[in-house]
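This is coords27.cif. It holds mmCIF, C-alpha atoms.
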data_work
loop_
_atom_site.label_atom_id
_atom_site.label_comp_id
_atom_site.auth_asym_id
_atom_site.auth_seq_id
_atom_site.Cartn_x
_atom_site.Cartn_y
_atom_site.Cartn_z
CA MET A 1331 -50.88 -13.88 -80.44
CA ASN A 1332 -51.46 -16.35 -77.59
CA LYS A 1333 -51.51 -20.11 -78.08
CA THR A 1334 -55.29 -20.49 -77.81
CA ALA A 1335 -55.93 -17.78 -80.38
CA THR A 1336 -53.41 -19.37 -82.76
CA LEU A 1337 -55.01 -22.80 -82.30
CA LEU A 1338 -58.42 -21.35 -83.12
CA LYS A 1339 -56.94 -19.57 -86.15
CA PHE A 1340 -55.70 -22.99 -87.34
CA LEU A 1341 -58.81 -25.01 -86.51
CA ILE A 1342 -61.74 -22.77 -87.44
CA PRO A 1343 -60.79 -21.87 -91.07
CA SER A 1344 -59.51 -25.41 -91.70
CA LEU A 1345 -62.69 -27.07 -90.43
CA ILE A 1346 -64.87 -24.64 -92.39
CA GLY A 1347 -62.83 -25.45 -95.50
CA VAL A 1348 -63.20 -29.21 -94.94
CA PHE A 1349 -66.96 -28.76 -94.49
CA MET A 1350 -67.38 -26.65 -97.62
CA PHE A 1351 -65.40 -28.98 -99.88
CA LEU A 1352 -65.96 -32.43 -98.38
CA TYR A 1353 -69.17 -32.60 -96.34
CA PRO A 1354 -72.01 -34.43 -98.17
CA LEU A 1355 -75.41 -32.70 -98.25
CA THR A 1356 -78.81 -33.81 -99.51
CA ASP A 1357 -80.24 -31.38 -102.03
CA ALA A 1358 -83.90 -30.52 -102.73
CA ASP A 1359 -84.17 -33.35 -105.26
CA GLY A 1360 -82.93 -35.93 -102.75
CA GLY A 1361 -79.50 -36.21 -104.36
CA THR A 1362 -76.10 -35.82 -102.74
CA THR A 1363 -74.01 -32.69 -103.16
CA ILE A 1364 -71.41 -30.68 -101.26
CA PRO A 1365 -71.83 -27.12 -99.93
CA ILE A 1366 -69.89 -25.29 -102.66
CA ALA A 1367 -71.84 -27.10 -105.38
CA TYR A 1368 -75.11 -26.26 -103.65
CA LEU A 1369 -74.13 -22.58 -103.42
CA ALA A 1370 -73.03 -22.58 -107.06
CA GLY A 1371 -76.38 -23.97 -108.19
CA LEU A 1372 -78.25 -21.50 -106.01
CA LEU A 1373 -76.33 -18.60 -107.54
CA LEU A 1374 -77.16 -19.75 -111.08
CA ASP A 1375 -80.84 -19.97 -110.18
CA ILE A 1376 -80.75 -16.41 -108.83
CA ILE A 1377 -78.89 -14.91 -111.81
CA GLY A 1378 -80.79 -16.79 -114.50
CA HIS A 1379 -79.43 -18.63 -117.54
CA ASP A 1380 -79.52 -15.74 -120.04
CA SER A 1381 -77.73 -13.33 -117.70
CA THR A 1382 -75.14 -16.00 -116.87
CA LEU A 1383 -74.32 -16.52 -120.56
CA LEU A 1384 -73.92 -12.75 -121.03
CA ILE A 1385 -71.55 -12.56 -118.04
CA ILE A 1386 -69.48 -15.46 -119.41
CA THR A 1387 -69.27 -13.82 -122.85
CA ILE A 1388 -68.13 -10.53 -121.32
CA ILE A 1389 -65.48 -12.23 -119.13
CA ILE A 1390 -63.95 -14.25 -121.98
CA THR A 1391 -63.99 -11.28 -124.39
CA LEU A 1392 -62.48 -8.98 -121.76
CA ALA A 1393 -59.83 -11.60 -121.02
CA ALA A 1394 -58.77 -11.63 -124.68
CA ILE A 1395 -58.65 -7.82 -124.94
CA LEU A 1396 -56.65 -7.37 -121.72
CA THR A 1397 -54.33 -10.23 -122.65
CA VAL A 1398 -53.46 -8.59 -125.97
CA ILE A 1399 -52.90 -5.23 -124.27
CA PHE A 1400 -50.79 -6.50 -121.36
CA SER A 1401 -48.87 -9.15 -123.34
CA TRP A 1402 -48.10 -7.26 -126.55
CA ILE A 1403 -48.75 -3.54 -126.06
CA HIS A 1404 -48.10 -2.44 -122.49
CA LYS A 1405 -46.66 -4.45 -119.60
CA PRO A 1406 -48.79 -3.97 -116.45
CA ASN A 1407 -47.34 -2.45 -113.30
CA SER A 1408 -49.52 -4.66 -111.11
CA LYS A 1409 -48.16 -8.13 -110.37
CA MET A 1410 -51.70 -9.50 -110.16
CA LEU A 1411 -52.52 -8.20 -113.65
CA ALA A 1412 -49.19 -9.48 -114.98
CA ASP A 1413 -49.80 -12.95 -113.54
CA ILE A 1414 -53.22 -13.21 -115.20
CA PHE A 1415 -52.85 -11.30 -118.48
CA SER A 1416 -49.16 -11.23 -119.42
CA VAL A 1417 -48.74 -14.61 -121.14
CA THR A 1418 -46.82 -16.25 -123.97
CA PRO A 1419 -47.97 -15.89 -127.60
CA VAL A 1420 -49.51 -19.38 -127.61
CA TRP A 1421 -51.88 -18.49 -124.79
CA VAL A 1422 -52.64 -15.06 -126.28
CA VAL A 1423 -53.82 -16.79 -129.47
CA THR A 1424 -55.74 -19.40 -127.45
CA ARG A 1425 -57.61 -16.71 -125.51
CA LEU A 1426 -58.39 -14.87 -128.76
CA ILE A 1427 -59.80 -18.09 -130.22
CA GLY A 1428 -61.86 -18.56 -127.04
CA ALA A 1429 -63.25 -15.03 -127.38
CA LEU A 1430 -64.05 -15.56 -131.07
CA PHE A 1431 -65.90 -18.80 -130.33
CA VAL A 1432 -67.89 -17.39 -127.42
CA LEU A 1433 -68.97 -14.30 -129.40
CA LEU A 1434 -69.98 -16.36 -132.44
CA THR A 1435 -71.86 -18.82 -130.27
CA TYR A 1436 -73.57 -16.27 -128.01
CA PHE A 1437 -74.80 -14.13 -130.91
CA GLU A 1438 -75.41 -17.21 -133.12
CA LEU A 1439 -73.46 -15.60 -135.94
CA GLY A 1440 -70.89 -18.23 -136.78
CA PRO A 1441 -70.93 -21.39 -138.86
CA GLU A 1442 -72.88 -24.31 -137.41
CA VAL A 1443 -69.67 -26.26 -136.94
CA VAL A 1444 -68.75 -23.75 -134.19
CA THR A 1445 -72.13 -22.80 -132.73
CA SER A 1446 -74.12 -26.06 -132.86
CA GLY A 1447 -75.56 -27.76 -129.80
CA GLY A 1448 -72.88 -30.43 -130.05
CA THR A 1449 -69.89 -28.05 -130.17
CA GLY A 1450 -69.63 -24.41 -129.06
CA GLY A 1451 -73.30 -24.25 -128.07
CA MET A 1452 -72.84 -27.20 -125.72
CA ILE A 1453 -69.68 -25.74 -124.18
CA LEU A 1454 -71.25 -22.32 -123.60
CA ASN A 1455 -74.73 -23.41 -122.49
CA ASP A 1456 -74.02 -26.61 -120.56
CA LEU A 1457 -70.48 -26.33 -119.20
CA MET A 1458 -69.59 -22.68 -118.75
CA PRO A 1459 -72.37 -21.66 -116.30
CA THR A 1460 -71.33 -24.41 -113.87
CA LEU A 1461 -67.67 -23.43 -114.18
CA LEU A 1462 -68.44 -19.75 -113.64
CA SER A 1463 -70.32 -20.30 -110.38
CA VAL A 1464 -68.17 -23.11 -109.00
CA PHE A 1465 -64.98 -21.14 -109.70
CA LEU A 1466 -66.39 -18.18 -107.78
CA PHE A 1467 -67.07 -20.11 -104.58
CA ALA A 1468 -64.04 -22.38 -104.90
CA GLY A 1469 -61.69 -19.45 -105.44
CA ILE A 1470 -62.96 -17.56 -102.42
CA LEU A 1471 -63.05 -20.60 -100.13
CA LEU A 1472 -59.87 -22.47 -101.15
CA PRO A 1473 -57.61 -20.34 -98.91
CA LEU A 1474 -59.42 -21.87 -95.93
CA LEU A 1475 -57.84 -25.19 -96.83
CA LEU A 1476 -54.49 -23.88 -97.98
CA ASN A 1477 -53.49 -20.92 -95.81
CA TYR A 1478 -54.16 -21.75 -92.18
CA GLY A 1479 -52.05 -24.82 -91.44
CA LEU A 1480 -54.17 -27.78 -92.53
CA LEU A 1481 -51.79 -28.90 -95.28
CA GLU A 1482 -48.74 -28.37 -93.06
CA PHE A 1483 -50.25 -30.60 -90.39
CA VAL A 1484 -51.33 -33.35 -92.78
CA GLY A 1485 -48.07 -33.07 -94.70
CA ALA A 1486 -45.87 -33.67 -91.66
CA VAL A 1487 -47.95 -36.65 -90.59
CA PHE A 1488 -47.38 -38.30 -93.99
CA THR A 1489 -43.75 -37.28 -94.45
CA LYS A 1490 -42.40 -40.78 -93.75
CA VAL A 1491 -44.45 -42.42 -96.51
CA MET A 1492 -43.61 -40.15 -99.46
CA ARG A 1493 -40.09 -41.37 -100.25
CA PRO A 1494 -40.72 -45.14 -100.07
CA LEU A 1495 -44.11 -45.02 -101.78
CA PHE A 1496 -43.73 -42.29 -104.40
CA THR A 1497 -39.92 -41.68 -104.57
CA LEU A 1498 -40.49 -38.06 -103.52
CA PRO A 1499 -39.20 -35.86 -100.70
CA GLY A 1500 -41.44 -35.36 -97.70
CA ARG A 1501 -41.83 -31.66 -98.39
CA SER A 1502 -43.70 -32.53 -101.59
CA THR A 1503 -46.65 -33.71 -99.50
CA VAL A 1504 -47.92 -30.14 -99.24
CA ASP A 1505 -47.69 -29.65 -103.02
CA ASN A 1506 -49.42 -32.95 -103.64
CA LEU A 1507 -52.21 -32.26 -101.19
CA ALA A 1508 -52.68 -28.78 -102.62
CA SER A 1509 -53.13 -30.42 -106.02
CA TRP A 1510 -55.53 -33.10 -104.84
CA VAL A 1511 -57.59 -30.93 -102.52
CA GLY A 1512 -57.29 -27.57 -104.22
CA ASP A 1513 -56.46 -27.49 -107.91
CA GLY A 1514 -54.01 -29.28 -110.18
CA THR A 1515 -52.57 -26.05 -111.51
CA VAL A 1516 -51.69 -25.01 -107.95
CA GLY A 1517 -49.52 -28.11 -107.62
CA VAL A 1518 -47.87 -27.47 -110.98
CA LEU A 1519 -47.01 -23.89 -110.09
CA LEU A 1520 -45.74 -24.87 -106.63
CA SER A 1521 -43.61 -27.66 -108.11
CA SER A 1522 -42.23 -25.38 -110.80
CA LYS A 1523 -41.21 -22.80 -108.20
CA GLN A 1524 -39.67 -25.47 -105.95
CA TYR A 1525 -37.67 -26.84 -108.91
CA GLU A 1526 -36.58 -23.35 -109.94
CA ASP A 1527 -35.42 -22.63 -106.38
CA GLY A 1528 -33.50 -25.91 -106.14
CA TYR A 1529 -35.67 -27.86 -103.70
CA TYR A 1530 -36.76 -30.54 -106.20
CA THR A 1531 -34.74 -32.40 -108.78
CA ARG A 1532 -35.83 -32.35 -112.40
CA ARG A 1533 -37.31 -35.85 -112.00
CA GLU A 1534 -39.10 -35.03 -108.74
CA ALA A 1535 -40.68 -31.88 -110.16
CA THR A 1536 -41.85 -33.74 -113.25
CA VAL A 1537 -43.24 -36.64 -111.20
CA ILE A 1538 -45.19 -34.29 -108.92
CA ALA A 1539 -46.58 -32.20 -111.79
CA THR A 1540 -47.64 -35.17 -113.93
CA THR A 1541 -48.71 -37.53 -111.16
CA PHE A 1542 -50.26 -35.51 -108.34
CA SER A 1543 -51.77 -32.54 -110.19
CA VAL A 1544 -55.06 -34.38 -110.19
CA VAL A 1545 -58.39 -32.70 -110.80
CA SER A 1546 -59.63 -31.01 -107.67
CA ILE A 1547 -62.79 -31.79 -105.75
CA THR A 1548 -64.23 -28.71 -107.45
CA PHE A 1549 -63.77 -30.14 -110.93
CA THR A 1550 -64.97 -33.55 -109.73
CA VAL A 1551 -68.27 -31.91 -108.79
CA VAL A 1552 -68.51 -30.41 -112.28
CA ILE A 1553 -67.88 -33.81 -113.89
CA LEU A 1554 -70.45 -35.55 -111.67
CA ASP A 1555 -72.98 -32.85 -112.46
CA LEU A 1556 -72.40 -33.30 -116.20
CA ILE A 1557 -72.84 -37.09 -116.07
CA ASP A 1558 -75.73 -36.85 -113.57
CA LEU A 1559 -74.13 -39.04 -110.88
CA MET A 1560 -73.91 -36.64 -107.94
CA ASP A 1561 -75.58 -39.31 -105.76
CA TYR A 1562 -72.35 -41.34 -106.10
CA PHE A 1563 -69.97 -38.56 -105.04
CA GLY A 1564 -68.32 -40.50 -102.19
CA LEU A 1565 -67.84 -43.73 -104.14
CA PHE A 1566 -66.78 -41.82 -107.25
CA TYR A 1567 -64.10 -39.85 -105.44
CA LEU A 1568 -62.92 -43.01 -103.63
CA THR A 1569 -62.49 -44.66 -107.04
CA VAL A 1570 -60.53 -41.68 -108.35
CA LEU A 1571 -58.39 -41.68 -105.19
CA VAL A 1572 -57.49 -45.39 -105.38
CA ALA A 1573 -56.81 -45.32 -109.14
CA GLY A 1574 -54.81 -42.10 -108.83
CA LEU A 1575 -52.68 -43.45 -105.98
CA ALA A 1576 -51.98 -46.63 -107.95
CA ALA A 1577 -50.76 -44.50 -110.87
CA ALA A 1578 -48.71 -42.38 -108.45
CA PHE A 1579 -47.00 -45.53 -107.14
CA ILE A 1580 -46.28 -47.06 -110.56
CA MET A 1581 -45.54 -44.09 -112.82
CA PRO A 1582 -42.32 -42.83 -111.11
CA ARG A 1583 -40.87 -46.34 -111.42
CA ILE A 1584 -41.32 -46.78 -115.18
CA PRO A 1585 -40.15 -44.80 -118.22
CA PRO A 1586 -40.31 -42.01 -119.15
CA LEU A 1587 -40.42 -40.62 -115.58
CA SER A 1588 -37.88 -43.10 -114.18
CA ARG A 1589 -35.32 -42.06 -116.81
CA ILE A 1590 -35.41 -38.33 -116.11
CA GLU A 1591 -32.24 -37.11 -114.43
CA ASP A 1592 -32.22 -36.53 -110.67
CA THR A 1593 -30.39 -33.22 -111.06
CA TYR A 1594 -31.11 -29.99 -109.21
CA ASN A 1595 -31.56 -26.63 -110.85
CA ARG A 1596 -29.47 -25.26 -107.96
CA GLU A 1597 -27.00 -27.09 -105.73
CA ASP A 1598 -26.97 -24.71 -102.75
CA ARG A 1599 -29.94 -26.19 -100.89
CA ALA A 1600 -29.45 -28.31 -97.77
CA LEU A 1601 -32.61 -30.40 -97.68
CA ASN A 1602 -33.42 -32.00 -94.36
CA GLU A 1603 -36.44 -34.27 -94.14
CA GLU A 1604 -35.77 -35.39 -90.61
CA ILE A 1605 -38.31 -34.67 -87.91
CA PRO A 1606 -36.47 -32.79 -85.11
CA GLU A 1607 -35.56 -34.68 -81.95
CA GLY A 1608 -38.30 -34.56 -79.38
CA TYR A 1609 -41.07 -34.54 -82.00
CA ASN A 1610 -43.09 -37.23 -83.70
CA PRO A 1611 -44.88 -36.68 -87.03
CA PHE A 1612 -48.08 -35.61 -85.27
CA THR A 1613 -46.48 -33.13 -82.86
CA TRP A 1614 -44.19 -31.73 -85.57
CA GLY A 1615 -47.18 -31.30 -87.88
CA TYR A 1616 -49.05 -29.52 -85.10
CA ARG A 1617 -46.05 -27.22 -84.52
CA GLN A 1618 -45.81 -26.36 -88.23
CA ALA A 1619 -49.57 -25.82 -88.49
CA MET A 1620 -49.47 -23.44 -85.53
CA ASP A 1621 -46.56 -21.52 -87.09
CA LYS A 1622 -48.47 -21.26 -90.37
CA ALA A 1623 -51.65 -20.11 -88.63
CA GLU A 1624 -49.78 -17.49 -86.61
CA LYS A 1625 -48.28 -15.99 -89.78
CA ALA A 1626 -51.50 -16.32 -91.82
CA ASP A 1627 -53.00 -13.22 -93.37
CA GLY A 1628 -55.91 -11.27 -91.93
CA PHE A 1629 -59.36 -11.11 -93.48
CA LEU A 1630 -58.62 -8.43 -96.09
CA ASP A 1631 -55.54 -10.29 -97.34
CA TYR A 1632 -57.54 -13.53 -97.32
CA LEU A 1633 -60.22 -11.88 -99.44
CA LYS A 1634 -57.61 -10.48 -101.83
CA ASP A 1635 -56.04 -13.93 -102.19
CA GLY A 1636 -59.44 -15.50 -102.84
CA LEU A 1637 -60.45 -12.91 -105.43
CA LYS A 1638 -57.11 -13.32 -107.22
CA THR A 1639 -57.80 -17.05 -107.45
CA VAL A 1640 -61.24 -16.31 -108.88
CA GLY A 1641 -59.64 -13.93 -111.39
CA ASP A 1642 -57.13 -16.60 -112.42
CA MET A 1643 -59.91 -19.12 -112.96
CA TRP A 1644 -62.32 -16.79 -114.75
CA PHE A 1645 -59.88 -14.94 -117.01
CA ALA A 1646 -57.34 -17.71 -117.62
CA VAL A 1647 -59.22 -21.01 -117.49
CA LEU A 1648 -62.63 -20.09 -118.98
CA PRO A 1649 -61.20 -18.81 -122.33
CA ILE A 1650 -58.97 -21.87 -122.68
CA VAL A 1651 -61.82 -24.28 -121.98
CA MET A 1652 -64.01 -22.40 -124.48
CA ALA A 1653 -61.28 -22.56 -127.15
CA ILE A 1654 -59.95 -26.07 -126.61
CA GLY A 1655 -63.36 -27.46 -125.68
CA THR A 1656 -64.98 -26.15 -128.85
CA LEU A 1657 -62.10 -27.33 -131.05
CA GLY A 1658 -62.16 -30.75 -129.38
CA THR A 1659 -65.91 -31.16 -129.81
CA ILE A 1660 -65.60 -30.05 -133.44
CA VAL A 1661 -63.06 -32.80 -134.02
CA ALA A 1662 -65.24 -35.27 -132.11
CA GLU A 1663 -68.51 -34.26 -133.84
CA TYR A 1664 -67.36 -33.60 -137.38
CA THR A 1665 -64.42 -35.97 -137.88
CA PRO A 1666 -63.95 -39.70 -137.26
CA VAL A 1667 -60.58 -39.23 -135.53
CA PHE A 1668 -61.58 -40.40 -132.06
CA THR A 1669 -63.77 -43.16 -133.49
CA TRP A 1670 -60.74 -44.50 -135.35
CA ILE A 1671 -58.44 -44.25 -132.34
CA GLY A 1672 -60.95 -45.84 -129.97
CA ALA A 1673 -62.23 -48.54 -132.33
CA PRO A 1674 -59.62 -51.19 -131.37
CA PHE A 1675 -60.79 -50.90 -127.73
CA VAL A 1676 -64.48 -51.63 -128.38
CA PRO A 1677 -64.11 -55.46 -128.08
CA LEU A 1678 -62.03 -55.03 -124.92
CA LEU A 1679 -64.62 -52.76 -123.30
CA GLU A 1680 -67.39 -55.19 -124.26
CA LEU A 1681 -65.36 -58.06 -122.80
CA VAL A 1682 -65.15 -56.37 -119.40
CA GLY A 1683 -68.89 -55.62 -119.38
CA ILE A 1684 -69.02 -51.94 -120.38
CA GLN A 1685 -72.36 -51.18 -122.03
CA GLU A 1686 -72.49 -48.92 -125.10
CA ALA A 1687 -68.79 -49.67 -125.59
CA GLN A 1688 -68.70 -47.86 -128.94
CA ALA A 1689 -69.63 -44.54 -127.31
CA ALA A 1690 -67.24 -45.15 -124.42
CA SER A 1691 -64.32 -46.00 -126.73
CA GLU A 1692 -64.62 -42.64 -128.49
CA THR A 1693 -63.96 -40.84 -125.18
CA LEU A 1694 -60.80 -42.73 -124.17
CA PHE A 1695 -58.30 -40.35 -125.79
CA ILE A 1696 -60.23 -37.13 -126.31
CA GLY A 1697 -59.43 -36.27 -122.68
CA PHE A 1698 -55.90 -35.30 -123.71
CA THR A 1699 -57.45 -32.22 -125.30
CA ASP A 1700 -59.76 -31.28 -122.42
CA MET A 1701 -60.93 -33.18 -119.36
CA PHE A 1702 -64.57 -32.13 -119.74
CA LEU A 1703 -65.02 -33.51 -123.25
CA PRO A 1704 -65.36 -37.20 -122.26
CA ALA A 1705 -68.07 -36.32 -119.73
CA ILE A 1706 -69.86 -34.07 -122.22
CA LEU A 1707 -69.77 -36.71 -124.96
CA ILE A 1708 -70.93 -39.53 -122.65
CA GLU A 1709 -73.65 -37.67 -120.72
CA THR A 1710 -76.46 -38.96 -122.97
CA VAL A 1711 -75.48 -42.63 -122.56
CA ALA A 1712 -78.14 -44.51 -120.58
CA SER A 1713 -75.82 -46.77 -118.56
CA ASP A 1714 -74.83 -45.29 -115.17
CA MET A 1715 -71.83 -47.61 -115.03
CA THR A 1716 -70.51 -46.47 -118.41
CA ARG A 1717 -70.86 -42.80 -117.46
CA PHE A 1718 -69.17 -43.57 -114.12
CA VAL A 1719 -66.18 -45.25 -115.82
CA VAL A 1720 -65.71 -42.49 -118.41
CA GLY A 1721 -66.10 -39.72 -115.81
CA ALA A 1722 -63.60 -41.26 -113.39
CA LEU A 1723 -61.12 -42.01 -116.18
CA SER A 1724 -61.30 -38.44 -117.47
CA ILE A 1725 -60.12 -37.28 -114.03
CA THR A 1726 -57.35 -39.83 -113.46
CA GLN A 1727 -55.88 -39.30 -116.94
CA LEU A 1728 -54.76 -35.90 -115.58
CA ILE A 1729 -52.77 -34.59 -118.59
CA TYR A 1730 -55.26 -32.42 -120.50
CA LEU A 1731 -53.92 -29.55 -122.54
CA SER A 1732 -56.66 -27.06 -121.73
CA GLU A 1733 -55.46 -26.72 -118.12
CA VAL A 1734 -52.89 -28.87 -116.26
CA GLY A 1735 -51.03 -29.95 -119.41
CA GLY A 1736 -50.92 -26.39 -120.68
CA VAL A 1737 -49.67 -25.08 -117.34
CA ILE A 1738 -46.94 -27.75 -117.25
CA LEU A 1739 -45.79 -26.81 -120.75
CA GLY A 1740 -45.73 -23.14 -119.76
CA SER A 1741 -43.87 -23.73 -116.48
CA LYS A 1742 -40.19 -24.07 -115.67
CA ILE A 1743 -40.54 -27.87 -115.44
CA PRO A 1744 -38.54 -29.27 -118.39
CA ILE A 1745 -40.92 -31.65 -120.20
CA GLY A 1746 -42.30 -31.57 -123.73
CA ILE A 1747 -45.68 -32.39 -125.25
CA GLY A 1748 -44.46 -35.76 -126.58
CA LYS A 1749 -43.62 -37.09 -123.12
CA LEU A 1750 -46.84 -35.62 -121.76
CA PHE A 1751 -48.84 -37.65 -124.28
CA ILE A 1752 -46.93 -40.84 -123.39
CA ILE A 1753 -47.64 -40.20 -119.69
CA PHE A 1754 -51.32 -39.65 -120.57
CA LEU A 1755 -51.47 -43.04 -122.34
CA LEU A 1756 -49.72 -44.83 -119.47
CA ARG A 1757 -52.07 -43.29 -116.89
CA THR A 1758 -55.01 -44.47 -119.00
CA ALA A 1759 -53.64 -48.01 -119.12
CA ILE A 1760 -53.01 -48.12 -115.36
CA THR A 1761 -56.18 -46.50 -114.04
CA LEU A 1762 -58.85 -47.84 -116.43
CA PRO A 1763 -58.81 -51.46 -115.13
CA ILE A 1764 -59.04 -50.23 -111.52
CA ILE A 1765 -61.98 -47.95 -112.35
CA ILE A 1766 -63.79 -50.78 -114.17
CA ILE A 1767 -63.38 -53.07 -111.14
CA PHE A 1768 -64.84 -50.43 -108.83
CA ALA A 1769 -67.67 -49.78 -111.29
CA HIS A 1770 -68.65 -53.45 -111.29
CA ILE A 1771 -68.63 -53.51 -107.49
CA ILE A 1772 -70.76 -50.35 -107.24
CA PHE A 1773 -73.22 -51.11 -110.03
#
Could you quickly redo this structure as structure tokens?
Amino acid sequence: MNKTATLLKFLIPSLIGVFMFLYPLTDADGGTTIPIAYLAGLLLDIIGHDSTLLIITIIITLAAILTVIFSWIHKPNSKMLADIFSVTPVWVVTRLIGALFVLLTYFELGPEVVTSGGTGGMILNDLMPTLLSVFLFAGILLPLLLNYGLLEFVGAVFTKVMRPLFTLPGRSTVDNLASWVGDGTVGVLLSSKQYEDGYYTRREATVIATTFSVVSITFTVVILDLIDLMDYFGLFYLTVLVAGLAAAFIMPRIPPLSRIEDTYNREDRALNEEIPEGYNPFTWGYRQAMDKAEKADGFLDYLKDGLKTVGDMWFAVLPIVMAIGTLGTIVAEYTPVFTWIGAPFVPLLELVGIQEAQAASETLFIGFTDMFLPAILIETVASDMTRFVVGALSITQLIYLSEVGGVILGSKIPIGIGKLFIIFLLRTAITLPIIIIFAHIIF
């Protein structure tokens, strides 16, 4: 392949990816959106709500059946099927619970505690359709950002800042960007593999997984849609970015992350972060991007990669969100647990000017269960600023068991649920004041 063709192979997919995930559009109602969110909404309009709910019910039920078969009865020969459906007993049970909840809710057969409009009914009717459509377009289009050299180029340019700012090797830039731009679970899986292969120390892998596996732009769109603040997309994501970077700077320098051993899983790796002589960060990034683009897959492999990502999201994430989301809303709706936990923070929230502080306080810690629950529980609050603060905090808290937290616990990265909860609390303490400051400036 000649140099011009390789350059075009780098630039065209990357620019299309940037447009689809980052370019602001004005929708028919005069609000701001981005192309993938617009396409997702258009698809839902075409399919219709009733058909969408049926599709979701079929996907989650099929996921549970195939998971039982391929995890407990017969190991699949296909690596793709094994990656999606061959899971540990905890996740088999979780997917079965998700299937039970979606069937009870869809057919309105179960007890009201499961199927009501504040629990399973809300998860199925309000959240799942958006996830279904956004996951479809995000899964197919994410390889444009990840596979054609964009991350290699940006990563090399920022290599020199990673160690002094975040105590991480330069090579982690690609993992971190994949997490921020693509999906938090992608960063977790990349970090786990890098740790397993001896490229990251135990501390570095844990820092990356628990600090940079931030909710993707895709999930940010879902949150903004739930809290009806899509007009503030740019300012909202800027707030998340600043608060997240502040946490990324502070967290590796304080316990428990600072006390994790800097030991490698393997000692036979010769890591070299130096930029070769004759190159600067920009030219080295360009060289790496060109190498990546030259080796990048053709269209059929791209499509296969995209569809696998869609399969991962539909069959792995949707059942977990249905299960954990319903359980979390049951606890939130039918028990006073989160009211008790959040009660001490009501005076503090009132002091810093947060309206409807009681409702906001009840969302502060429920995010550890699932990141969508705070947005769902706060969406009826009248104050735009309060919804903005809760929505942004739910993203920067990062450690939610229904996705990133669960993937971390299931990965090779050696960290337990106790430390994850401590990290969740520390991230809340660090990012909440920053988000409140931004909210006061914006509103």
Restricting the calculation to only C-alpha atoms, which member of A:Glu1604, A:Asp1375, A:Asp1380, A:Glu1438 is positioned closest to Ala1486 (chain A)?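 That would be A:Glu1604, the residue with the smallest distance to Ala1486 (chain A).
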For Ser1401 (chain A), work out the shell of residues within 12 Å, counting all atoms listed in the file and skipping chain neighbours fewer than 2 positions away, then give it as a short mmCIF file (atom, residue, chain, number, x, y, z; two decimals) with C-alpha atoms, in the frame of the given file.
data_model
loop_
_atom_site.label_atom_id
_atom_site.label_comp_id
_atom_site.auth_asym_id
_atom_site.auth_seq_id
_atom_site.Cartn_x
_atom_site.Cartn_y
_atom_site.Cartn_z
CA ALA A 1393 -59.83 -11.60 -121.02
CA ALA A 1394 -58.77 -11.63 -124.68
CA ILE A 1395 -58.65 -7.82 -124.94
CA LEU A 1396 -56.65 -7.37 -121.72
CA THR A 1397 -54.33 -10.23 -122.65
CA VAL A 1398 -53.46 -8.59 -125.97
CA ILE A 1399 -52.90 -5.23 -124.27
CA ILE A 1403 -48.75 -3.54 -126.06
CA HIS A 1404 -48.10 -2.44 -122.49
CA LYS A 1405 -46.66 -4.45 -119.60
CA PRO A 1406 -48.79 -3.97 -116.45
CA LEU A 1411 -52.52 -8.20 -113.65
CA ALA A 1412 -49.19 -9.48 -114.98
CA ASP A 1413 -49.80 -12.95 -113.54
CA ILE A 1414 -53.22 -13.21 -115.20
CA PHE A 1415 -52.85 -11.30 -118.48
CA SER A 1416 -49.16 -11.23 -119.42
CA VAL A 1417 -48.74 -14.61 -121.14
CA THR A 1418 -46.82 -16.25 -123.97
CA PRO A 1419 -47.97 -15.89 -127.60
CA VAL A 1420 -49.51 -19.38 -127.61
CA TRP A 1421 -51.88 -18.49 -124.79
CA VAL A 1422 -52.64 -15.06 -126.28
CA VAL A 1423 -53.82 -16.79 -129.47
CA ARG A 1425 -57.61 -16.71 -125.51
#
Please expand the PyMOL selection byres ((chain A and resi 1454) around 9) into the concrete residues it hits in this file, giving the result as an NGL selection string. :A and (1383 or 1386-1387 or 1432 or 1435-1436 or 1449-1453 or 1455-1459 or 1652)
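The coordinates place CA of Gly1721 (chain A) at 17.6 Å from CA of Ala1576 (chain A).
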Selection dump of the PyMOL selection byres ((chain A and resi 1698) around 8), as a PDB file with C-alpha atoms, in the coordinates of the input:
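The result, stored in result-v4.pdb:
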ATOM      1  CA  PHE A1695     -58.300 -40.350-125.790  1.00  0.00           C
ATOM      2  CA  ILE A1696     -60.230 -37.130-126.310  1.00  0.00           C
ATOM      3  CA  GLY A1697     -59.430 -36.270-122.680  1.00  0.00           C
ATOM      4  CA  THR A1699     -57.450 -32.220-125.300  1.00  0.00           C
ATOM      5  CA  ASP A1700     -59.760 -31.280-122.420  1.00  0.00           C
ATOM      6  CA  MET A1701     -60.930 -33.180-119.360  1.00  0.00           C
ATOM      7  CA  GLN A1727     -55.880 -39.300-116.940  1.00  0.00           C
ATOM      8  CA  ILE A1729     -52.770 -34.590-118.590  1.00  0.00           C
ATOM      9  CA  TYR A1730     -55.260 -32.420-120.500  1.00  0.00           C
ATOM     10  CA  LEU A1731     -53.920 -29.550-122.540  1.00  0.00           C
ATOM     11  CA  PHE A1751     -48.840 -37.650-124.280  1.00  0.00           C
ATOM     12  CA  PHE A1754     -51.320 -39.650-120.570  1.00  0.00           C
TER      13      PHE A1754
END
Quick one: residues within 10 Å of Gly1641 (chain A), only C-alpha atoms counted, chain neighbours fewer than 2 positions away excluded, as a VMD selection string? chain A and resid 1389 1393 1410 to 1411 1414 1465 to 1466 1469 1635 to 1639 1643 to 1647
